[in-house]
$ cat my_file24.txt   # compact mmCIF, N, CA and C atoms and all ligand atoms
# COMPACT_ATOMS: atom_id res chain seq x y z
N MET L 1 7.20 -16.12 5.05
CA MET L 1 6.45 -16.81 6.10
C MET L 1 6.08 -18.21 5.63
N TYR L 2 6.24 -19.19 6.52
CA TYR L 2 5.97 -20.57 6.14
C TYR L 2 4.62 -21.03 6.70
N PRO L 3 4.09 -22.12 6.14
CA PRO L 3 2.80 -22.64 6.63
C PRO L 3 2.85 -22.86 8.14
N GLY L 4 1.83 -22.43 8.82
CA GLY L 4 1.76 -22.59 10.27
C GLY L 4 2.36 -21.43 11.03
N GLY L 5 3.17 -20.62 10.36
CA GLY L 5 3.78 -19.48 11.02
C GLY L 5 2.79 -18.33 11.12
N SER L 6 3.12 -17.37 11.94
CA SER L 6 2.26 -16.19 12.00
C SER L 6 3.13 -14.95 12.17
N LEU L 7 2.65 -13.87 11.61
CA LEU L 7 3.34 -12.60 11.70
C LEU L 7 2.30 -11.51 11.89
N ASP L 8 2.50 -10.72 12.91
CA ASP L 8 1.57 -9.64 13.22
C ASP L 8 2.34 -8.32 13.16
N VAL L 9 2.03 -7.50 12.19
CA VAL L 9 2.71 -6.22 12.03
C VAL L 9 1.93 -5.16 12.79
N ALA L 10 2.60 -4.44 13.67
CA ALA L 10 1.93 -3.46 14.52
C ALA L 10 1.53 -2.21 13.73
N ALA L 11 0.46 -1.57 14.16
CA ALA L 11 0.03 -0.31 13.57
C ALA L 11 1.18 0.68 13.61
N GLY L 12 1.33 1.44 12.53
CA GLY L 12 2.38 2.44 12.47
C GLY L 12 3.72 1.92 11.98
N SER L 13 3.82 0.61 11.74
CA SER L 13 5.08 0.03 11.29
C SER L 13 5.40 0.47 9.86
N ILE L 14 6.69 0.54 9.56
CA ILE L 14 7.16 0.87 8.22
C ILE L 14 8.05 -0.28 7.76
N LEU L 15 7.70 -0.90 6.64
CA LEU L 15 8.49 -1.99 6.08
C LEU L 15 9.01 -1.55 4.73
N LYS L 16 10.32 -1.66 4.54
CA LYS L 16 10.92 -1.23 3.28
C LYS L 16 11.53 -2.43 2.56
N PHE L 17 11.37 -2.41 1.24
CA PHE L 17 11.78 -3.54 0.42
C PHE L 17 12.74 -3.09 -0.68
N GLY L 18 13.74 -3.93 -0.94
CA GLY L 18 14.68 -3.65 -2.02
C GLY L 18 14.18 -4.22 -3.34
N SER L 19 14.99 -4.06 -4.36
CA SER L 19 14.62 -4.48 -5.71
C SER L 19 14.21 -5.95 -5.77
N GLY L 20 13.03 -6.22 -6.30
CA GLY L 20 12.55 -7.58 -6.49
C GLY L 20 12.08 -8.28 -5.23
N ALA L 21 12.15 -7.61 -4.08
CA ALA L 21 11.78 -8.26 -2.82
C ALA L 21 10.26 -8.39 -2.69
N ALA L 22 9.84 -9.52 -2.11
CA ALA L 22 8.42 -9.76 -1.88
C ALA L 22 8.23 -10.33 -0.48
N LEU L 23 7.06 -10.11 0.06
CA LEU L 23 6.67 -10.76 1.31
C LEU L 23 5.71 -11.88 0.94
N GLU L 24 6.17 -13.12 1.10
CA GLU L 24 5.34 -14.27 0.74
C GLU L 24 4.64 -14.81 1.98
N VAL L 25 3.32 -14.87 1.91
CA VAL L 25 2.51 -15.30 3.04
C VAL L 25 2.01 -16.72 2.80
N GLN L 26 2.32 -17.63 3.74
CA GLN L 26 1.75 -18.97 3.68
C GLN L 26 1.15 -19.35 5.03
N GLY L 27 1.21 -18.46 5.98
CA GLY L 27 0.66 -18.72 7.31
C GLY L 27 -0.42 -17.70 7.62
N THR L 28 -0.36 -17.17 8.82
CA THR L 28 -1.33 -16.17 9.23
C THR L 28 -0.62 -14.82 9.32
N PHE L 29 -1.02 -13.93 8.45
CA PHE L 29 -0.39 -12.62 8.39
C PHE L 29 -1.42 -11.55 8.73
N THR L 30 -1.09 -10.73 9.69
CA THR L 30 -2.01 -9.69 10.12
C THR L 30 -1.29 -8.35 10.13
N ALA L 31 -1.84 -7.40 9.43
CA ALA L 31 -1.29 -6.04 9.41
C ALA L 31 -2.47 -5.08 9.53
N ILE L 32 -2.74 -4.63 10.73
CA ILE L 32 -3.90 -3.78 10.97
C ILE L 32 -3.44 -2.44 11.51
N GLY L 33 -3.54 -1.43 10.68
CA GLY L 33 -3.21 -0.08 11.09
C GLY L 33 -4.47 0.65 11.53
N ASP L 34 -4.39 1.97 11.51
CA ASP L 34 -5.54 2.77 11.91
C ASP L 34 -5.42 4.12 11.21
N VAL L 35 -6.42 4.92 11.29
CA VAL L 35 -6.38 6.25 10.68
C VAL L 35 -5.25 7.05 11.32
N GLY L 36 -4.35 7.56 10.49
CA GLY L 36 -3.22 8.33 10.99
C GLY L 36 -2.11 7.47 11.54
N ASN L 37 -2.30 6.18 11.56
CA ASN L 37 -1.30 5.24 12.08
C ASN L 37 -1.24 4.03 11.14
N GLU L 38 -1.20 4.36 9.85
CA GLU L 38 -1.22 3.32 8.83
C GLU L 38 0.09 2.51 8.85
N ILE L 39 0.01 1.32 8.32
CA ILE L 39 1.19 0.48 8.11
C ILE L 39 1.67 0.74 6.69
N ILE L 40 2.96 1.03 6.56
CA ILE L 40 3.51 1.44 5.28
C ILE L 40 4.42 0.34 4.72
N PHE L 41 4.13 -0.12 3.52
CA PHE L 41 5.04 -0.99 2.77
C PHE L 41 5.58 -0.13 1.64
N THR L 42 6.88 0.08 1.62
CA THR L 42 7.41 0.98 0.60
C THR L 42 8.80 0.56 0.14
N SER L 43 9.37 1.37 -0.70
CA SER L 43 10.69 1.11 -1.29
C SER L 43 11.80 1.47 -0.32
N ILE L 44 12.92 0.75 -0.39
CA ILE L 44 14.11 1.09 0.41
C ILE L 44 14.60 2.49 0.05
N ARG L 45 14.22 2.97 -1.11
CA ARG L 45 14.65 4.30 -1.57
C ARG L 45 13.75 5.43 -1.07
N ASP L 46 12.68 5.07 -0.36
CA ASP L 46 11.71 6.08 0.09
C ASP L 46 12.13 6.66 1.45
N ASP L 47 12.66 7.86 1.43
CA ASP L 47 13.11 8.51 2.66
C ASP L 47 11.96 9.23 3.39
N THR L 48 10.80 9.30 2.75
CA THR L 48 9.66 10.00 3.34
C THR L 48 9.19 9.32 4.62
N TYR L 49 9.26 7.99 4.61
CA TYR L 49 8.83 7.22 5.78
C TYR L 49 10.05 6.59 6.44
N GLY L 50 10.23 6.83 7.72
CA GLY L 50 11.29 6.16 8.48
C GLY L 50 12.70 6.67 8.21
N GLY L 51 12.82 7.79 7.51
CA GLY L 51 14.14 8.38 7.31
C GLY L 51 14.94 7.73 6.19
N ASP L 52 16.23 8.06 6.18
CA ASP L 52 17.13 7.66 5.10
C ASP L 52 17.68 6.26 5.35
N THR L 53 16.84 5.26 5.19
CA THR L 53 17.21 3.89 5.53
C THR L 53 18.38 3.38 4.70
N ASN L 54 18.47 3.79 3.44
CA ASN L 54 19.55 3.29 2.60
C ASN L 54 20.81 4.15 2.70
N GLY L 55 20.79 5.14 3.58
CA GLY L 55 22.00 5.86 3.93
C GLY L 55 22.67 6.65 2.82
N ASN L 56 21.91 7.07 1.83
CA ASN L 56 22.53 7.81 0.73
C ASN L 56 21.94 9.20 0.56
N GLY L 57 21.29 9.70 1.61
CA GLY L 57 20.67 11.01 1.49
C GLY L 57 19.61 11.00 0.41
N SER L 58 19.62 12.02 -0.42
CA SER L 58 18.62 12.11 -1.48
C SER L 58 19.18 11.68 -2.84
N ALA L 59 20.26 10.88 -2.82
CA ALA L 59 20.89 10.46 -4.08
C ALA L 59 19.96 9.60 -4.93
N THR L 60 19.04 8.87 -4.29
CA THR L 60 18.06 8.08 -5.03
C THR L 60 16.67 8.47 -4.55
N THR L 61 15.73 8.32 -5.45
CA THR L 61 14.33 8.59 -5.10
C THR L 61 13.51 7.35 -5.44
N PRO L 62 12.42 7.13 -4.70
CA PRO L 62 11.60 5.95 -4.98
C PRO L 62 10.87 6.09 -6.30
N ASP L 63 10.60 4.94 -6.92
CA ASP L 63 9.89 4.95 -8.20
C ASP L 63 9.01 3.70 -8.26
N LYS L 64 8.05 3.73 -9.15
CA LYS L 64 7.16 2.59 -9.28
C LYS L 64 7.96 1.33 -9.62
N GLY L 65 7.55 0.22 -9.05
CA GLY L 65 8.22 -1.04 -9.32
C GLY L 65 9.54 -1.23 -8.60
N ASP L 66 9.81 -0.44 -7.56
CA ASP L 66 11.06 -0.61 -6.83
C ASP L 66 11.14 -1.97 -6.13
N TRP L 67 9.99 -2.52 -5.74
CA TRP L 67 9.98 -3.84 -5.11
C TRP L 67 8.85 -4.66 -5.72
N ASP L 68 8.73 -5.89 -5.26
CA ASP L 68 7.77 -6.79 -5.89
C ASP L 68 6.37 -6.60 -5.29
N ARG L 69 6.03 -7.34 -4.25
CA ARG L 69 4.65 -7.33 -3.78
C ARG L 69 4.47 -8.10 -2.48
N VAL L 70 3.30 -8.00 -1.93
CA VAL L 70 2.83 -8.93 -0.91
C VAL L 70 2.13 -10.06 -1.67
N TRP L 71 2.61 -11.27 -1.46
CA TRP L 71 2.13 -12.41 -2.24
C TRP L 71 1.53 -13.45 -1.28
N VAL L 72 0.22 -13.56 -1.28
CA VAL L 72 -0.47 -14.51 -0.42
C VAL L 72 -0.55 -15.84 -1.17
N ARG L 73 0.22 -16.82 -0.68
CA ARG L 73 0.31 -18.13 -1.35
C ARG L 73 -0.38 -19.23 -0.56
N GLY L 74 -1.03 -18.86 0.53
CA GLY L 74 -1.73 -19.83 1.36
C GLY L 74 -1.99 -19.19 2.71
N GLY L 75 -2.81 -19.85 3.52
CA GLY L 75 -3.10 -19.29 4.83
C GLY L 75 -4.05 -18.12 4.73
N ALA L 76 -3.86 -17.15 5.59
CA ALA L 76 -4.80 -16.05 5.67
C ALA L 76 -4.06 -14.74 5.92
N ALA L 77 -4.42 -13.75 5.16
CA ALA L 77 -3.83 -12.42 5.34
C ALA L 77 -4.95 -11.42 5.63
N THR L 78 -4.75 -10.61 6.63
CA THR L 78 -5.70 -9.56 6.96
C THR L 78 -4.95 -8.24 6.96
N LEU L 79 -5.34 -7.35 6.08
CA LEU L 79 -4.68 -6.06 5.97
C LEU L 79 -5.73 -4.96 6.05
N ASP L 80 -5.50 -4.02 6.93
CA ASP L 80 -6.43 -2.92 7.10
C ASP L 80 -5.62 -1.64 7.35
N TYR L 81 -5.99 -0.58 6.68
CA TYR L 81 -5.23 0.68 6.77
C TYR L 81 -3.75 0.44 6.48
N VAL L 82 -3.50 -0.18 5.33
CA VAL L 82 -2.14 -0.44 4.87
C VAL L 82 -1.91 0.34 3.58
N GLN L 83 -0.74 0.94 3.45
CA GLN L 83 -0.37 1.62 2.21
C GLN L 83 0.73 0.82 1.53
N LEU L 84 0.51 0.48 0.27
CA LEU L 84 1.48 -0.27 -0.53
C LEU L 84 2.02 0.70 -1.57
N LEU L 85 3.25 1.13 -1.37
CA LEU L 85 3.82 2.20 -2.19
C LEU L 85 4.99 1.69 -3.02
N TYR L 86 5.01 2.03 -4.29
CA TYR L 86 6.15 1.80 -5.19
C TYR L 86 6.46 0.33 -5.44
N GLY L 87 5.49 -0.57 -5.27
CA GLY L 87 5.72 -1.99 -5.57
C GLY L 87 5.35 -2.31 -7.00
N GLY L 88 5.26 -3.61 -7.27
CA GLY L 88 4.70 -4.04 -8.54
C GLY L 88 5.66 -4.46 -9.63
N LYS L 89 6.87 -4.86 -9.25
CA LYS L 89 7.76 -5.38 -10.30
C LYS L 89 8.44 -6.66 -9.81
N LEU L 90 8.32 -7.72 -10.58
CA LEU L 90 8.92 -9.01 -10.23
C LEU L 90 10.44 -8.92 -10.27
N ALA L 91 11.10 -9.87 -9.56
CA ALA L 91 12.56 -9.92 -9.59
C ALA L 91 13.07 -10.08 -11.02
N SER L 92 12.27 -10.74 -11.87
CA SER L 92 12.65 -10.93 -13.28
C SER L 92 12.50 -9.66 -14.10
N GLY L 93 11.88 -8.65 -13.51
CA GLY L 93 11.71 -7.39 -14.22
C GLY L 93 10.33 -7.19 -14.80
N GLY L 94 9.51 -8.25 -14.80
CA GLY L 94 8.17 -8.14 -15.35
C GLY L 94 7.24 -7.35 -14.44
N PRO L 95 6.24 -6.70 -15.02
CA PRO L 95 5.29 -5.95 -14.22
C PRO L 95 4.34 -6.87 -13.46
N ASP L 96 3.89 -6.42 -12.29
CA ASP L 96 3.01 -7.22 -11.46
C ASP L 96 2.22 -6.26 -10.57
N SER L 97 1.28 -6.80 -9.84
CA SER L 97 0.54 -5.99 -8.89
C SER L 97 1.36 -5.84 -7.61
N SER L 98 0.96 -4.95 -6.72
CA SER L 98 1.68 -4.81 -5.46
C SER L 98 1.11 -5.73 -4.38
N ILE L 99 0.01 -6.43 -4.69
CA ILE L 99 -0.46 -7.51 -3.83
C ILE L 99 -1.17 -8.52 -4.71
N SER L 100 -0.95 -9.80 -4.43
CA SER L 100 -1.65 -10.83 -5.20
C SER L 100 -1.98 -12.00 -4.28
N VAL L 101 -3.02 -12.72 -4.65
CA VAL L 101 -3.49 -13.86 -3.87
C VAL L 101 -3.57 -15.05 -4.82
N SER L 102 -2.73 -16.07 -4.59
CA SER L 102 -2.76 -17.24 -5.46
C SER L 102 -3.26 -18.47 -4.72
N ALA L 103 -3.37 -18.40 -3.40
CA ALA L 103 -3.95 -19.48 -2.60
C ALA L 103 -4.29 -18.89 -1.24
N GLY L 104 -5.10 -19.61 -0.48
CA GLY L 104 -5.52 -19.07 0.80
C GLY L 104 -6.49 -17.92 0.59
N HIS L 105 -6.56 -17.01 1.52
CA HIS L 105 -7.45 -15.89 1.33
C HIS L 105 -6.90 -14.62 1.98
N ALA L 106 -7.39 -13.51 1.50
CA ALA L 106 -6.94 -12.22 2.02
C ALA L 106 -8.15 -11.31 2.20
N ARG L 107 -8.15 -10.60 3.28
CA ARG L 107 -9.17 -9.58 3.51
C ARG L 107 -8.45 -8.24 3.57
N GLN L 108 -8.90 -7.32 2.74
CA GLN L 108 -8.25 -6.02 2.69
C GLN L 108 -9.31 -4.93 2.76
N SER L 109 -8.97 -3.87 3.42
CA SER L 109 -9.84 -2.70 3.41
C SER L 109 -9.02 -1.46 3.72
N HIS L 110 -9.55 -0.31 3.35
CA HIS L 110 -8.91 0.98 3.63
C HIS L 110 -7.48 1.07 3.13
N HIS L 111 -7.26 0.65 1.87
CA HIS L 111 -5.91 0.63 1.33
C HIS L 111 -5.62 1.83 0.44
N LEU L 112 -4.36 2.14 0.36
CA LEU L 112 -3.88 3.09 -0.64
C LEU L 112 -2.79 2.41 -1.43
N TYR L 113 -2.92 2.40 -2.74
CA TYR L 113 -1.87 1.86 -3.62
C TYR L 113 -1.30 3.03 -4.39
N LEU L 114 -0.01 3.18 -4.34
CA LEU L 114 0.62 4.30 -5.04
C LEU L 114 1.70 3.79 -5.96
N ASP L 115 1.61 4.13 -7.21
CA ASP L 115 2.65 3.84 -8.19
C ASP L 115 3.07 2.38 -8.27
N PRO L 116 2.11 1.45 -8.37
CA PRO L 116 2.56 0.12 -8.77
C PRO L 116 2.99 0.21 -10.22
N ARG L 117 3.86 -0.67 -10.62
CA ARG L 117 4.31 -0.61 -12.01
C ARG L 117 3.17 -0.98 -12.95
CA CA Y 1 17.97 7.77 0.80

$ encode --input "my_file24.txt" --output "C-alpha cells"
Amino acid sequence: MYPGGSLDVAAGSILKFGSGAALEVQGTFTAIGDVGNEIIFTSIRDDTYGGDTNGNGSATTPDKGDWDRVWVRGGAATLDYVQLLYGGKLASGGPDSSISVSAGHARQSHHLYLDPR
C-alpha cells in the first residue's frame, strides 16, 4: 500500500502469504473482524482456512515463519479481531515479529498471534 492509498479488509476475510511476503502499510489500512468472524492472516500452506489454496493437498503443512509480517511504515492501521498465524520471518531468513510499526501508528485489539518465528 502506498501513501494516500487505502485498503479495507472485510470481516471474515482470509489472506494467505508465501515465503518472505509482507503487507506494507503506508496509507490507511483497516481490518476489522468480529467474534466468530475474525480476519485471518496466515501461510499459503495453511489449508485450515480457505481450503487447499496451494493445490497440493496435505503435502505441506504450515509452520512458524512461513511469511514475514504486517509492516506499518506510515499512515494508520486499525486491526481488530485479527489473527496473525505462522508469520515472523524476513525474506532474508532472519526472525521478526508478525506485525511491526516503524512509522505512522497502529491500533490493535482482540488479536491472536500463533507461531511467529
Ligand atoms: Ca495444501

$ residues_near_point --input "my_file24.txt" --point "(-7.2, -1.4, 0.8)" --cutoff "7 Å" --atoms "all atoms listed in the file" --output "JSON, numbers by chain"
{"L": [79, 80, 81, 82, 108, 109, 110, 111, 112, 113]}

$ residues_near_point --input "my_file24.txt" --point "(10.7, -6.9, -3.9)" --cutoff "8 Å" --atoms "all atoms listed in the file" --output "list in words"
Lys16, Phe17, Gly18, Ser19, Gly20, Ala21, Ala22, Leu23, Gly65, Asp66, Trp67, Asp68, Arg69, Val70, Gly87, Gly88, Lys89, Leu90 and Ala91 of chain L

$ write_last_selection --input "my_file24.txt" --atoms "N, CA and C atoms" --output "short mmCIF file (atom, residue, chain, number, x, y, z; two decimals), in the frame of the given file"
data_model
loop_
_atom_site.label_atom_id
_atom_site.label_comp_id
_atom_site.auth_asym_id
_atom_site.auth_seq_id
_atom_site.Cartn_x
_atom_site.Cartn_y
_atom_site.Cartn_z
N LYS L 16 10.32 -1.66 4.54
CA LYS L 16 10.92 -1.23 3.28
C LYS L 16 11.53 -2.43 2.56
N PHE L 17 11.37 -2.41 1.24
CA PHE L 17 11.78 -3.54 0.42
C PHE L 17 12.74 -3.09 -0.68
N GLY L 18 13.74 -3.93 -0.94
CA GLY L 18 14.68 -3.65 -2.02
C GLY L 18 14.18 -4.22 -3.34
N SER L 19 14.99 -4.06 -4.36
CA SER L 19 14.62 -4.48 -5.71
C SER L 19 14.21 -5.95 -5.77
N GLY L 20 13.03 -6.22 -6.30
CA GLY L 20 12.55 -7.58 -6.49
C GLY L 20 12.08 -8.28 -5.23
N ALA L 21 12.15 -7.61 -4.08
CA ALA L 21 11.78 -8.26 -2.82
C ALA L 21 10.26 -8.39 -2.69
N ALA L 22 9.84 -9.52 -2.11
CA ALA L 22 8.42 -9.76 -1.88
C ALA L 22 8.23 -10.33 -0.48
N LEU L 23 7.06 -10.11 0.06
CA LEU L 23 6.67 -10.76 1.31
C LEU L 23 5.71 -11.88 0.94
N GLY L 65 7.55 0.22 -9.05
CA GLY L 65 8.22 -1.04 -9.32
C GLY L 65 9.54 -1.23 -8.60
N ASP L 66 9.81 -0.44 -7.56
CA ASP L 66 11.06 -0.61 -6.83
C ASP L 66 11.14 -1.97 -6.13
N TRP L 67 9.99 -2.52 -5.74
CA TRP L 67 9.98 -3.84 -5.11
C TRP L 67 8.85 -4.66 -5.72
N ASP L 68 8.73 -5.89 -5.26
CA ASP L 68 7.77 -6.79 -5.89
C ASP L 68 6.37 -6.60 -5.29
N ARG L 69 6.03 -7.34 -4.25
CA ARG L 69 4.65 -7.33 -3.78
C ARG L 69 4.47 -8.10 -2.48
N VAL L 70 3.30 -8.00 -1.93
CA VAL L 70 2.83 -8.93 -0.91
C VAL L 70 2.13 -10.06 -1.67
N GLY L 87 5.49 -0.57 -5.27
CA GLY L 87 5.72 -1.99 -5.57
C GLY L 87 5.35 -2.31 -7.00
N GLY L 88 5.26 -3.61 -7.27
CA GLY L 88 4.70 -4.04 -8.54
C GLY L 88 5.66 -4.46 -9.63
N LYS L 89 6.87 -4.86 -9.25
CA LYS L 89 7.76 -5.38 -10.30
C LYS L 89 8.44 -6.66 -9.81
N LEU L 90 8.32 -7.72 -10.58
CA LEU L 90 8.92 -9.01 -10.23
C LEU L 90 10.44 -8.92 -10.27
N ALA L 91 11.10 -9.87 -9.56
CA ALA L 91 12.56 -9.92 -9.59
C ALA L 91 13.07 -10.08 -11.02
#

$ residues_near_ligand --input "my_file24.txt" --ligand "ligand CA 1 (chain Y)" --cutoff "10 Å" --atoms "only C-alpha atoms and all ligand atoms" --output "ChimeraX atom specification"
/L:44-48,51-62

$ residues_around --input "my_file24.txt" --residues "L:Leu114" --least-positions-apart "4" --cutoff "9 Å" --atoms "only C-alpha atoms" --output "list of chain:residue names"
L:Lys64, L:Gln83, L:Leu84, L:Leu85, L:Tyr86, L:Gly87

$ select_by_dssp --input "my_file24.txt" --residues "stretch 21-96 of chain L" --states "strand (DSSP E or B)" --output "MDAnalysis selection string"
chainID L and resid 23:25 28:32 34 37 39:43 70:80 82:85 89 95

$ atom_distance --input "my_file24.txt" --atom1 "atom CA of L:Ser13" --atom2 "atom CA of L:Gly104"
24.2 Å

$ atom_distance --input "my_file24.txt" --atom1 "atom CA of L:Gly12" --atom2 "atom CA of L:Phe29"
15.8 Å

$ closest_residue --input "my_file24.txt" --among "L:Ala77, L:Ser43, L:Thr28, L:Gly93" --to "L:Asp63" --atoms "only N, CA and C atoms"
L:Ser43

$ atom_distance --input "my_file24.txt" --atom1 "atom CA of L:Ala76" --atom2 "atom CA of L:Asn37"
22.5 Å

$ closest_residue --input "my_file24.txt" --among "L:Ala11, L:Val101, L:Val72, L:Ala106" --to "L:Gly36" --atoms "only C-alpha atoms"
L:Ala11

$ axis_aligned_box --input "my_file24.txt" --around "stretch 102-108 of chain L" --padding-each-side "5 Å" --output "lines of an AutoDock Vina configuration file"
center_x = -6.0
center_y = -12.3
center_z = -0.9
size_x = 16.6
size_y = 24.7
size_z = 19.0

$ closest_residue --input "my_file24.txt" --among "L:Ala103, L:Thr42, L:Gly33, L:Ile14" --to "L:Gly75" --atoms "all atoms listed in the file"
L:Ala103
